[in-house]
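As provided, final-v5.txt (compact mmCIF, C-alpha atoms) reads as follows.
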```
# COMPACT_ATOMS: atom_id res chain seq x y z
CA MET A 127 44.39 229.75 56.66
CA ASN A 128 45.73 233.22 57.40
CA PRO A 129 44.57 235.71 54.76
CA ARG A 130 47.14 237.52 52.67
CA GLN A 131 47.11 240.74 50.75
CA SER A 132 47.13 240.34 46.97
CA SER A 133 46.31 242.35 43.88
CA SER A 134 44.99 241.27 40.49
CA GLU A 135 46.00 244.62 39.00
CA PRO A 136 47.72 247.84 40.11
CA GLY A 137 45.72 249.86 42.61
CA ARG A 138 43.29 247.06 43.33
CA GLU A 139 44.18 245.27 46.54
CA ARG A 140 42.25 242.35 47.93
CA GLN A 141 42.49 239.92 50.83
CA THR A 142 43.08 236.33 49.74
CA TYR A 143 41.85 233.46 51.88
CA HIS A 144 41.83 229.73 51.12
CA PHE A 145 38.13 228.93 51.28
CA ASP A 146 36.56 225.66 50.16
CA ARG A 147 33.04 225.22 51.45
CA HIS A 148 32.78 221.82 49.74
CA SER A 149 35.52 220.31 51.92
CA PRO A 150 34.79 218.32 55.08
CA GLU A 151 37.15 220.72 56.88
CA TYR A 152 34.72 223.58 56.32
CA ARG A 153 31.94 221.63 58.01
CA ASN A 154 34.19 220.53 60.86
CA ARG A 155 35.74 223.99 61.43
CA PHE A 156 32.80 226.14 60.43
CA GLU A 157 32.78 228.36 63.52
CA ALA A 158 36.57 228.91 63.55
CA ILE A 159 36.71 229.71 59.83
CA THR A 160 33.69 231.98 60.08
CA HIS A 161 35.03 234.10 62.91
CA GLU A 162 38.50 234.27 61.40
CA MET A 163 36.99 235.70 58.22
CA HIS A 164 34.80 238.08 60.20
CA ARG A 165 37.84 239.36 62.06
CA LEU A 166 40.35 239.54 59.21
CA CYS A 167 38.61 239.50 55.83
CA PRO A 168 34.79 239.74 55.75
CA ILE A 169 35.17 239.91 51.97
CA ALA A 170 37.99 237.78 50.56
CA TRP A 171 39.20 236.31 47.30
CA THR A 172 39.79 232.56 47.15
CA ASP A 173 41.62 230.73 44.39
CA THR A 174 39.54 227.58 44.88
CA HIS A 175 37.00 226.50 42.26
CA ASP A 176 38.46 228.70 39.50
CA GLY A 177 38.62 231.72 41.80
CA HIS A 178 35.78 233.70 43.35
CA TRP A 179 34.94 236.23 46.04
CA VAL A 180 33.52 235.12 49.40
CA ALA A 181 31.35 237.46 51.48
CA ALA A 182 31.24 236.31 55.11
CA GLY A 183 30.38 239.43 57.12
CA ASN A 184 26.75 240.31 57.73
CA ARG A 185 27.04 243.90 56.48
CA GLU A 186 28.99 242.81 53.42
CA VAL A 187 26.52 240.05 52.52
CA PHE A 188 23.61 242.44 53.05
CA GLU A 189 25.02 245.09 50.73
CA LEU A 190 26.09 242.67 48.00
CA ALA A 191 22.79 240.76 48.02
CA ARG A 192 20.91 243.98 47.36
CA CYS A 193 23.38 245.45 44.88
CA PRO A 194 21.91 246.06 41.38
CA HIS A 195 25.27 245.12 39.83
CA VAL A 196 25.16 241.54 41.16
CA SER A 197 23.50 238.95 38.90
CA ASN A 198 21.89 235.55 39.44
CA ASP A 199 21.69 234.82 35.72
CA ARG A 200 22.65 231.49 34.23
CA ASP A 201 23.11 231.94 30.51
CA TYR A 202 22.42 228.30 29.79
CA LYS A 203 21.93 228.94 26.07
CA ASN A 204 25.10 231.05 25.84
CA GLU A 205 23.11 233.85 24.22
CA ARG A 206 24.04 236.78 26.50
CA ARG A 207 26.98 237.26 28.88
CA GLY A 208 27.89 233.67 29.62
CA TYR A 209 27.15 233.96 33.35
CA LEU A 210 27.05 230.73 35.35
CA GLY A 211 24.22 231.19 37.85
CA ILE A 212 24.25 230.38 41.55
CA THR A 213 26.45 227.27 41.65
CA ILE A 214 30.15 227.45 42.52
CA PRO A 215 31.91 225.51 41.13
CA TYR A 216 29.83 225.42 37.99
CA SER A 217 29.06 221.98 36.58
CA GLU A 218 27.05 221.12 33.53
CA PRO A 219 23.68 219.65 34.55
CA VAL A 220 22.44 216.41 33.02
CA ILE A 221 19.68 218.47 31.40
CA PRO A 222 20.75 221.98 30.31
CA LEU A 223 18.40 224.16 32.37
CA ARG A 224 18.39 226.85 35.01
CA ASN A 225 17.62 226.51 38.70
CA GLY A 226 14.29 228.20 38.12
CA ILE A 227 13.73 231.78 39.25
CA LEU A 228 16.92 231.66 41.35
CA GLU A 229 18.91 231.87 38.12
CA MET A 230 16.84 234.60 36.49
CA ASP A 231 17.30 238.35 36.82
CA ASP A 232 14.52 240.91 36.60
CA PRO A 233 12.32 241.50 34.69
CA GLU A 234 12.13 237.80 33.76
CA HIS A 235 12.40 236.72 37.41
CA ARG A 236 9.58 239.05 38.45
CA VAL A 237 7.18 237.69 35.82
CA PHE A 238 7.57 234.07 36.92
CA ARG A 239 7.57 234.91 40.63
CA ALA A 240 4.26 236.77 40.30
CA VAL A 241 2.67 233.58 38.93
CA LEU A 242 3.89 231.52 41.91
CA ASN A 243 3.17 234.00 44.73
CA PRO A 244 -0.61 233.31 45.13
CA TYR A 245 0.15 229.65 45.88
CA LEU A 246 2.82 230.39 48.51
CA SER A 247 1.43 233.39 50.39
CA PRO A 248 0.75 233.19 54.16
CA SER A 249 -3.01 232.80 53.56
CA ALA A 250 -2.44 230.07 50.98
CA VAL A 251 -0.13 228.15 53.31
CA ARG A 252 -2.52 228.43 56.28
CA ARG A 253 -5.07 226.50 54.25
CA TRP A 254 -2.68 223.53 54.20
CA GLU A 255 -2.21 223.28 57.99
CA PRO A 256 -4.82 220.51 58.58
CA PHE A 257 -3.27 218.55 55.68
CA ILE A 258 0.21 218.92 57.20
CA ASP A 259 -1.03 217.87 60.62
CA GLU A 260 -2.56 214.70 59.20
CA ILE A 261 0.63 213.66 57.43
CA VAL A 262 2.65 214.34 60.58
CA ARG A 263 0.15 212.38 62.67
CA ALA A 264 0.30 209.41 60.29
CA CYS A 265 4.12 209.40 60.24
CA LEU A 266 4.28 209.33 64.02
CA ASP A 267 1.53 206.70 64.23
CA GLU A 268 3.65 204.38 62.09
CA LYS A 269 6.36 204.37 64.77
CA ILE A 270 4.83 205.45 68.06
CA GLU A 271 3.99 201.97 69.38
CA SER A 272 7.56 200.77 68.81
CA GLY A 273 9.34 203.50 70.79
CA GLN A 274 11.82 203.96 67.95
CA ILE A 275 11.94 206.38 65.02
CA ASP A 276 14.40 207.83 62.54
CA PHE A 277 13.43 211.49 62.46
CA VAL A 278 14.86 211.85 58.95
CA ASP A 279 13.55 208.76 57.19
CA ASP A 280 10.29 208.41 59.09
CA LEU A 281 9.19 212.04 59.46
CA ALA A 282 11.23 214.94 58.11
CA ASN A 283 11.77 213.39 54.67
CA ILE A 284 8.12 212.46 54.23
CA VAL A 285 6.06 215.47 55.33
CA PRO A 286 7.68 218.12 53.08
CA ALA A 287 7.69 215.70 50.14
CA VAL A 288 3.97 214.87 50.33
CA LEU A 289 3.02 218.52 50.86
CA THR A 290 5.18 219.75 47.98
CA LEU A 291 3.61 217.27 45.56
CA ALA A 292 0.14 218.28 46.74
CA MET A 293 0.91 221.95 46.12
CA LEU A 294 2.34 221.14 42.69
CA GLY A 295 -0.65 219.03 41.69
CA VAL A 296 1.30 215.75 41.41
CA PRO A 297 -0.40 212.56 42.72
CA LEU A 298 0.61 212.12 46.35
CA HIS A 299 1.48 208.43 46.11
CA LYS A 300 4.49 209.39 43.99
CA TRP A 301 6.27 211.07 46.90
CA ALA A 302 8.77 208.21 47.15
CA VAL A 303 9.67 208.61 43.45
CA TYR A 304 10.70 212.18 44.16
CA ASN A 305 12.06 211.81 47.67
CA GLU A 306 15.33 209.94 47.17
CA PRO A 307 16.66 211.90 44.18
CA ALA A 308 15.77 215.24 45.80
CA HIS A 309 17.97 214.43 48.81
CA ALA A 310 20.62 212.22 47.18
CA ALA A 311 21.41 214.86 44.56
CA VAL A 312 22.60 217.08 47.42
CA TYR A 313 24.58 214.65 49.56
CA THR A 314 26.14 212.47 46.83
CA PRO A 315 29.62 213.78 45.90
CA PRO A 316 30.52 214.11 42.19
CA ASP A 317 33.12 211.34 42.44
CA SER A 318 30.82 208.88 44.23
CA PRO A 319 30.29 205.46 42.59
CA ASP A 320 26.59 206.05 43.32
CA ARG A 321 26.51 209.27 41.29
CA GLU A 322 25.28 207.67 38.07
CA ARG A 323 22.38 205.95 39.87
CA VAL A 324 21.41 209.24 41.53
CA GLN A 325 21.55 211.05 38.18
CA ASN A 326 19.28 208.40 36.68
CA LEU A 327 16.83 208.87 39.55
CA ASN A 328 16.84 212.61 38.90
CA MET A 329 16.22 212.02 35.21
CA ALA A 330 13.24 209.81 36.07
CA MET A 331 11.92 212.53 38.39
CA GLY A 332 12.34 215.14 35.65
CA MET A 333 10.51 212.99 33.13
CA ASP A 334 7.65 212.46 35.59
CA LEU A 335 7.42 216.22 36.15
CA LEU A 336 7.29 216.77 32.41
CA ALA A 337 4.58 214.11 32.06
CA ASN A 338 2.52 215.85 34.76
CA LEU A 339 2.96 219.18 32.98
CA HIS A 340 1.62 217.70 29.73
CA GLU A 341 -1.23 215.91 31.51
CA ILE A 342 -2.32 219.05 33.37
CA ARG A 343 -2.27 221.06 30.17
CA GLU A 344 -4.75 218.56 28.70
CA GLN A 345 -6.81 218.02 31.85
CA PRO A 346 -6.27 220.96 34.24
CA ARG A 347 -6.20 220.44 38.00
CA PRO A 348 -5.21 223.06 40.57
CA GLY A 349 -1.62 223.53 41.63
CA LEU A 350 1.65 225.21 40.84
CA ILE A 351 2.12 223.13 37.69
CA ASP A 352 -1.22 224.37 36.40
CA ALA A 353 -0.19 227.97 37.06
CA LEU A 354 2.99 227.53 35.03
CA ALA A 355 1.21 225.59 32.29
CA ARG A 356 -1.31 228.41 31.78
CA MET A 357 1.04 231.40 32.02
CA GLU A 358 2.10 233.53 29.08
CA ILE A 359 4.80 236.15 28.61
CA ASP A 360 3.90 238.77 26.02
CA GLY A 361 1.34 236.37 24.56
CA GLU A 362 3.80 233.47 24.30
CA LYS A 363 4.07 230.28 26.35
CA PRO A 364 7.39 229.95 28.22
CA GLU A 365 9.76 227.23 27.08
CA GLU A 366 9.17 223.90 28.79
CA ILE A 367 12.81 223.71 29.84
CA ASP A 368 12.29 226.87 31.94
CA LEU A 369 9.13 225.46 33.50
CA LEU A 370 10.97 222.25 34.33
CA GLY A 371 13.74 224.25 35.99
CA ILE A 372 11.22 226.10 38.16
CA LEU A 373 9.52 222.86 39.17
CA GLY A 374 12.89 221.35 40.04
CA LEU A 375 13.69 224.36 42.20
CA LEU A 376 10.35 224.07 44.04
CA ILE A 377 11.07 220.43 44.78
CA GLY A 378 14.66 221.02 45.86
CA GLY A 379 13.64 223.93 48.07
CA GLY A 380 10.57 222.17 49.43
CA PHE A 381 12.23 218.87 50.29
CA ASP A 382 15.79 218.98 51.60
CA THR A 383 16.00 222.33 53.36
CA THR A 384 13.01 221.72 55.65
CA THR A 385 14.25 218.20 56.37
CA ALA A 386 17.65 219.61 57.32
CA LEU A 387 16.22 222.27 59.63
CA THR A 388 13.92 219.80 61.38
CA ALA A 389 16.56 217.13 61.92
CA HIS A 390 19.18 219.50 63.30
CA SER A 391 16.67 221.19 65.60
CA LEU A 392 15.42 217.89 67.02
CA GLU A 393 18.99 216.73 67.53
CA TRP A 394 19.78 219.94 69.43
CA LEU A 395 16.65 219.64 71.58
CA SER A 396 17.58 216.06 72.44
CA GLN A 397 20.98 217.32 73.60
CA HIS A 398 19.35 220.12 75.65
CA PRO A 399 16.40 218.51 77.48
CA SER A 400 15.74 221.46 79.79
CA GLU A 401 15.37 223.82 76.83
CA ARG A 402 13.18 221.22 75.12
CA GLU A 403 10.88 221.09 78.11
CA MET A 404 10.79 224.88 78.30
CA LEU A 405 9.85 225.06 74.60
CA ARG A 406 7.16 222.43 75.08
CA ARG A 407 5.74 224.21 78.10
CA GLU A 408 5.97 227.78 76.78
CA ARG A 409 5.33 227.22 73.09
CA ASP A 410 2.77 230.01 72.85
CA THR A 411 5.50 232.57 73.34
CA LEU A 412 8.61 230.58 72.36
CA LEU A 413 7.68 228.71 69.18
CA ASN A 414 8.06 231.64 66.79
CA PRO A 415 11.36 233.00 68.13
CA ALA A 416 12.74 229.47 68.52
CA THR A 417 11.92 228.75 64.87
CA GLU A 418 13.80 231.87 63.76
CA GLU A 419 16.73 230.97 65.99
CA PHE A 420 17.00 227.44 64.61
CA LEU A 421 16.88 228.95 61.12
CA ARG A 422 19.69 231.34 62.02
CA TYR A 423 21.87 228.82 63.80
CA PHE A 424 21.57 225.92 61.37
CA THR A 425 21.00 227.90 58.12
CA PRO A 426 19.92 224.90 55.99
CA ALA A 427 20.94 226.51 52.66
CA PRO A 428 24.33 228.04 53.56
CA GLY A 429 24.71 230.41 50.62
CA ASP A 430 24.37 231.20 46.93
CA GLY A 431 26.65 232.12 44.08
CA ARG A 432 26.41 235.30 42.03
CA THR A 433 28.22 237.04 39.17
CA ILE A 434 29.38 240.66 39.21
CA ALA A 435 27.49 242.27 36.33
CA ALA A 436 29.34 245.62 36.21
CA ASP A 437 32.50 247.10 37.67
CA CYS A 438 31.54 248.45 41.07
CA GLU A 439 32.63 249.12 44.63
CA VAL A 440 30.57 247.58 47.43
CA ALA A 441 31.38 247.52 51.16
CA GLY A 442 34.78 249.07 50.40
CA GLN A 443 35.86 246.42 47.90
CA GLN A 444 36.28 246.88 44.16
CA PHE A 445 34.76 244.22 41.92
CA LYS A 446 35.12 243.62 38.20
CA GLU A 447 32.40 242.53 35.76
CA GLY A 448 32.36 238.77 35.28
CA GLU A 449 33.93 237.87 38.63
CA ARG A 450 32.19 235.20 40.67
CA LEU A 451 30.91 235.75 44.20
CA TRP A 452 29.71 233.52 47.02
CA LEU A 453 27.25 235.05 49.51
CA SER A 454 27.37 233.08 52.75
CA TRP A 455 24.06 233.37 54.58
CA ALA A 456 25.40 230.91 57.17
CA MET A 457 28.50 232.93 58.04
CA ALA A 458 26.55 236.20 58.02
CA ASN A 459 24.20 234.59 60.58
CA ARG A 460 27.13 234.12 62.99
CA ASP A 461 28.41 237.71 62.89
CA ALA A 462 28.98 238.90 66.47
CA THR A 463 28.46 242.53 65.45
CA VAL A 464 24.81 241.66 64.76
CA PHE A 465 24.04 238.65 66.97
CA ALA A 466 25.09 238.45 70.63
CA SER A 467 26.56 235.02 71.48
CA PRO A 468 26.28 233.99 67.80
CA ASP A 469 27.46 230.41 68.41
CA GLU A 470 24.76 229.69 70.96
CA VAL A 471 21.10 228.82 70.41
CA VAL A 472 19.03 231.40 72.28
CA LEU A 473 15.42 230.27 71.95
CA ASP A 474 13.92 233.64 72.86
CA ARG A 475 16.40 235.76 70.86
CA LYS A 476 14.96 239.19 70.10
CA GLY A 477 15.33 241.11 66.85
CA ASN A 478 16.59 238.04 65.01
CA ARG A 479 17.20 239.44 61.52
CA HIS A 480 18.85 236.31 60.14
CA LEU A 481 19.55 235.86 56.44
CA SER A 482 18.61 232.18 56.14
CA PHE A 483 16.03 232.85 53.42
CA GLY A 484 18.35 235.16 51.52
CA LEU A 485 17.87 238.83 50.74
CA GLY A 486 16.61 241.10 48.02
CA ILE A 487 14.44 240.14 45.08
CA HIS A 488 15.54 236.49 45.24
CA ARG A 489 14.55 235.96 48.87
CA CYS A 490 13.19 232.41 49.27
CA ILE A 491 9.68 232.24 47.84
CA GLY A 492 8.87 229.20 50.01
CA SER A 493 9.71 230.72 53.39
CA ASN A 494 6.08 230.61 54.57
CA VAL A 495 5.85 226.91 53.72
CA ALA A 496 9.14 226.08 55.43
CA ARG A 497 8.24 227.81 58.67
CA THR A 498 4.78 226.22 58.81
CA VAL A 499 5.90 222.67 58.07
CA PHE A 500 8.75 222.90 60.56
CA LYS A 501 6.51 224.21 63.35
CA ARG A 502 3.81 221.58 62.79
CA MET A 503 6.36 218.74 62.90
CA LEU A 504 8.12 220.17 65.95
CA VAL A 505 4.93 220.69 67.96
CA ALA A 506 3.69 217.17 67.18
CA VAL A 507 6.97 215.62 68.30
CA LEU A 508 7.00 217.65 71.53
CA ASP A 509 3.42 216.58 72.25
CA ARG A 510 3.57 212.90 71.37
CA LEU A 511 7.25 212.00 71.90
CA PRO A 512 8.15 214.38 74.75
CA ASP A 513 11.04 212.30 76.12
CA PHE A 514 12.71 211.46 72.80
CA HIS A 515 16.44 210.83 72.84
CA CYS A 516 18.48 210.94 69.64
CA ASP A 517 21.26 208.38 69.28
CA PRO A 518 24.50 210.32 68.73
CA ASP A 519 26.26 207.25 67.34
CA GLY A 520 23.53 206.68 64.77
CA ALA A 521 23.22 210.28 63.57
CA VAL A 522 24.64 210.77 60.08
CA HIS A 523 25.32 214.33 58.97
CA TYR A 524 26.08 215.32 55.41
CA GLU A 525 29.82 215.02 54.90
CA THR A 526 30.00 218.56 53.54
CA ILE A 527 27.72 221.58 53.88
CA GLY A 528 28.51 223.33 50.61
CA LEU A 529 24.94 222.95 49.32
CA ILE A 530 22.74 221.99 52.27
CA GLN A 531 23.58 221.55 55.94
CA GLY A 532 21.64 218.31 56.14
CA MET A 533 21.34 214.95 57.82
CA ARG A 534 20.85 211.47 56.35
CA GLN A 535 19.88 209.65 59.57
CA LEU A 536 18.72 210.63 63.04
CA PRO A 537 17.54 207.58 65.00
CA ALA A 538 15.81 208.19 68.32
CA THR A 539 14.05 206.32 71.11
CA PHE A 540 11.10 207.40 73.27
CA SER A 541 8.39 206.04 75.53
CA PRO A 542 5.85 204.24 73.31
CA GLY A 543 2.37 205.67 72.94
CA PRO A 544 -0.95 204.91 71.20
CA ARG A 545 -1.80 205.37 67.54
CA LEU A 546 -4.38 208.03 66.77
CA GLY A 547 -5.56 207.13 63.28
CA LEU A 548 -4.88 205.58 59.90
CA GLY A 549 -1.43 204.56 58.71
CA LEU A 550 0.60 206.61 56.26
CA ASN A 551 -0.52 205.05 52.99
CA ASP A 552 -4.21 205.12 53.90
CA THR A 553 -3.88 208.69 55.13
CA ILE A 554 -2.29 209.72 51.83
CA ASP A 555 -5.22 208.16 49.96
CA VAL A 556 -7.73 210.07 52.08
CA LEU A 557 -5.82 213.32 51.71
CA GLN A 558 -5.61 212.92 47.95
CA ARG A 559 -9.40 212.91 47.76
CA ILE A 560 -9.57 215.98 50.00
CA VAL A 561 -7.05 217.84 47.84
CA TYR A 562 -9.19 217.23 44.76
CA GLU A 563 -12.59 217.79 46.37
CA GLN A 564 -11.65 220.94 48.29
CA ARG A 565 -9.32 222.27 45.57
CA LEU A 566 -6.67 222.90 48.21
CA ALA A 567 -4.00 223.53 45.57
CA ALA A 568 -5.90 226.42 43.97
CA PRO A 569 -4.30 229.89 44.33
CA VAL A 570 -5.19 232.29 47.11
CA THR A 571 -5.06 235.84 45.82
CA ALA A 572 -6.31 237.56 48.95
CA ALA A 573 -6.57 236.77 52.62
CA PRO A 574 -10.05 235.56 53.67
```

Please rewrite the model in this file as structure tokens.
Amino acid sequence: MNPRQSSSEPGRERQTYHFDRHSPEYRNRFEAITHEMHRLCPIAWTDTHDGHWVAAGNREVFELARCPHVSNDRDYKNERRGYLGITIPYSEPVIPLRNGILEMDDPEHRVFRAVLNPYLSPSAVRRWEPFIDEIVRACLDEKIESGQIDFVDDLANIVPAVLTLAMLGVPLHKWAVYNEPAHAAVYTPPDSPDRERVQNLNMAMGMDLLANLHEIREQPRPGLIDALARMEIDGEKPEEIDLLGILGLLIGGGFDTTTALTAHSLEWLSQHPSEREMLRRERDTLLNPATEEFLRYFTPAPGDGRTIAADCEVAGQQFKEGERLWLSWAMANRDATVFASPDEVVLDRKGNRHLSFGLGIHRCIGSNVARTVFKRMLVAVLDRLPDFHCDPDGAVHYETIGLIQGMRQLPATFSPGPRLGLGLNDTIDVLQRIVYEQRLAAPVTAAP
């Protein structure tokens, strides 16, 4: 994979590197590929997937992510410049829509983001902590007497799903309707014989979201859907297809990324029992830095695509309008010029300025939710399943990490313990009443 010097036109040299993040090789050789690019070509051109730039170095990713000449736009109506959004390679979705605010540029992006912010602020998320703890408790109660659990299926898939629906304003019992398509859409390859079934599941999820949008317009109830249903731009209601894209983004971001982070972190802690015990014992000082370190090291969403919106020079490289660009948060997080011992997990790492939530105006709007859900699950597992051991032969990682660095299975054993309360279904019923009665999904516009 040695890079080579090439030029698309006289006077414009570029390093070319064969880079295919959708291949199993990229997952299997991630560290070697990352450090080779850091050393030889922190910005490189690859001919894969119709040709695009790849930014791997931390400084290069930082500068490009904040550059005003780099666009997230997906011109899904083909009315403007024909840009293709954040997905490389581009593929036509089943429903022609954008990936919400991630495929909008300002000022449009700013208008929609301002509507969502009061529901996702630190003070808004803190209000959900007792709710999260109850779901986590119920998930562990379902398995704790048996001494066996799959941390993906039985915990990390469930908690983010139930919480996300609660924040949206969707009935909680529907979490299973949303859960499989949200994950399967990421790990099912385009050529899989299961692809059609997964697409049908996603269509059913989309139709249910649309039905909830219409229902909430007629009979309002608090939540993110209500916020989008009531919003106006210059006195006009946004198109439903844009609202559906935003809701799809909130589900995709709320479900699979947190699941991925939790599963990989628990797997690592199982493999490093002394560090697990230290984290359990010293959580008051270690929990926050450990969370940031797991985010850096595992980077659940490895990167995003962009389009160069004007001829420019950034980080010493010339770019032309219309060229495609991949910003690798994951590779930037392993840059040895920024992070000492980048391929090691250092639970108390200081000054951890990782890029796992992105940079600039499109930085992940759900970062407060992700951190909180992850911490509440992790603390509960350390408290109630302190000697858990993950089965390395049963662990199933996503075959590729082009979209999400995730896991499909993570079975584990532990010393059995006592249940503490109601089972999962009964807990969900109780929590649904609390959500309605306490209006938990209403916006928080200021800290109490």

For stretch 549-568 of chain A, take all atoms listed in the file, fit an axis-aligned box around them, add 5 Å to each of the six sides, then output centre and edge lengths in Å rounded to one decimal, as AutoDock Vina command-line options.
```
--center_x -6.0 --center_y 215.5 --center_z 51.3 --size_x 23.2 --size_y 31.9 --size_z 24.7
```

Residue neighbourhood A:Ala462, 10 Å, only C-alpha atoms, exclusion window fewer than 6 positions, as a compact mmCIF listing (two decimals) with C-alpha atoms, keeping the file's coordinate frame:
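Wrote it out as result_13.txt, contents follow:
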```txt
# COMPACT_ATOMS: atom_id res chain seq x y z
CA HIS A 161 35.03 234.10 62.91
CA HIS A 164 34.80 238.08 60.20
CA ARG A 165 37.84 239.36 62.06
CA GLY A 183 30.38 239.43 57.12
CA ASN A 184 26.75 240.31 57.73
CA PRO A 468 26.28 233.99 67.80
CA ASP A 469 27.46 230.41 68.41
```

Pairwise distance, atom CA of A:His488 with atom CA of A:Leu228, equals 6.4 Å

Against stretch 539-557 of chain A, which residues of stretch 436-533 of chain A fall within 6 Å? For each one I want the closest pair of atoms and the distance in Å (one decimal), counting only C-alpha atoms, rows by chain and increasing residue number, as a tab-separated table.
```
residue	atom	partner	partner_atom	distance
A:Asp513	CA	A:Phe540	CA	5.7
A:Phe514	CA	A:Phe540	CA	4.4
A:His515	CA	A:Thr539	CA	5.4
```

Grab the residues selected above and save them as a compact mmCIF listing (two decimals), in the coordinates of the input with C-alpha atoms.
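Saved as again_6.txt:
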```txt
# COMPACT_ATOMS: atom_id res chain seq x y z
CA ASP A 513 11.04 212.30 76.12
CA PHE A 514 12.71 211.46 72.80
CA HIS A 515 16.44 210.83 72.84
```

Using all atoms listed in the file, the residue out of A:Ala441, A:Gly528, A:Leu566, A:Leu536 with shortest distance to A:Arg153 is A:Gly528

Shell of 9 Å around A:Glu449, all atoms listed in the file, local chain residues under 5 positions omitted, as a list of chain:residue names: A:Gly177, A:His178, A:Trp179, A:Arg432, A:Thr433, A:Ile434, A:Ala435

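Across the structure, atom CA of A:Val464 and atom CA of A:Cys490 are spaced 21.5 Å apart.
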
Any idea what's packed within 8 Å of stretch 289-306 of chain A, counting all atoms listed in the file, ignoring anything in its chain fewer than 3 positions away? Could you give it as an NGL selection string?
:A and (245 or 257-258 or 283-286 or 309-310 or 327 or 331 or 338 or 347-352 or 376-377 or 380-381 or 551 or 554-555 or 558 or 561 or 566-567)

Counting only C-alpha atoms, which residues of stretch 366-453 of chain A sit at most 9 Å from some atom of stretch 339-343 of chain A, and what is each one's closest atom pair with its distance in Å to one decimal, listed by chain and rising residue number, as a tab-separated table?
```
residue	atom	partner	partner_atom	distance
A:Glu366	CA	A:Leu339	CA	8.9
A:Leu369	CA	A:Leu339	CA	8.8
A:Leu370	CA	A:Leu339	CA	8.7
```

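Using only C-alpha atoms, the smallest distance between any of A:Arg224, A:Arg321, A:Arg140, A:His148 and A:Gly429 comes from A:His148.
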
Applying 9 Å and only C-alpha atoms, which residues near stretch 497-510 of chain A remain after dropping the ones on its own chain fewer than 4 positions away? List them as an NGL selection string.
:A and (251-252 or 255 or 258-259 or 262-263 or 266 or 270 or 281-282 or 285-286 or 289 or 384-385 or 387-388 or 391-392 or 402-403 or 405-406 or 409 or 413-414 or 417-418 or 492-493 or 514 or 543)

Just the residues within 10 Å of A:Met329, please, counting all atoms listed in the file, with nothing from its chain fewer than 4 positions along; format it as a PyMOL selection string.
chain A and resi 220-221+307+323-325+333-335

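Here atom CA of A:His175 is placed at a distance of 27.3 Å from atom CA of A:Asp232.
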
Please tell me which residues are no farther than 9 Å from (13.1, 232.4, 65.4) in the file, counting only C-alpha atoms, and write them as a compact mmCIF listing (two decimals) with C-alpha atoms, in the coordinates of the input.
```txt
# COMPACT_ATOMS: atom_id res chain seq x y z
CA LEU A 412 8.61 230.58 72.36
CA LEU A 413 7.68 228.71 69.18
CA ASN A 414 8.06 231.64 66.79
CA PRO A 415 11.36 233.00 68.13
CA ALA A 416 12.74 229.47 68.52
CA THR A 417 11.92 228.75 64.87
CA GLU A 418 13.80 231.87 63.76
CA GLU A 419 16.73 230.97 65.99
CA PHE A 420 17.00 227.44 64.61
CA LEU A 421 16.88 228.95 61.12
CA ARG A 422 19.69 231.34 62.02
CA LEU A 473 15.42 230.27 71.95
CA ASP A 474 13.92 233.64 72.86
CA ARG A 475 16.40 235.76 70.86
CA LYS A 476 14.96 239.19 70.10
CA ASN A 478 16.59 238.04 65.01
CA HIS A 480 18.85 236.31 60.14
```

One residue among A:Asp199, A:Asp276, A:Arg207, A:Cys516 is nearest to A:Pro399 when using all atoms listed in the file, and that residue is A:Cys516

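Closest approach to A:His390 among A:Pro168, A:Pro364, A:Pro215, A:Pro426 is made by A:Pro426 (distances from all atoms listed in the file).
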
Once you count only C-alpha atoms, which residues end up no further than 8 Å from (26.6, 235.7, 59.6) in the file's frame, shown as a ChimeraX atom specification?
/A:182-184,454-462,480-481

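Residue nearest A:Pro150, chosen from A:Tyr562, A:Phe238, A:Trp394, A:Tyr524 and counting only C-alpha atoms: A:Tyr524.
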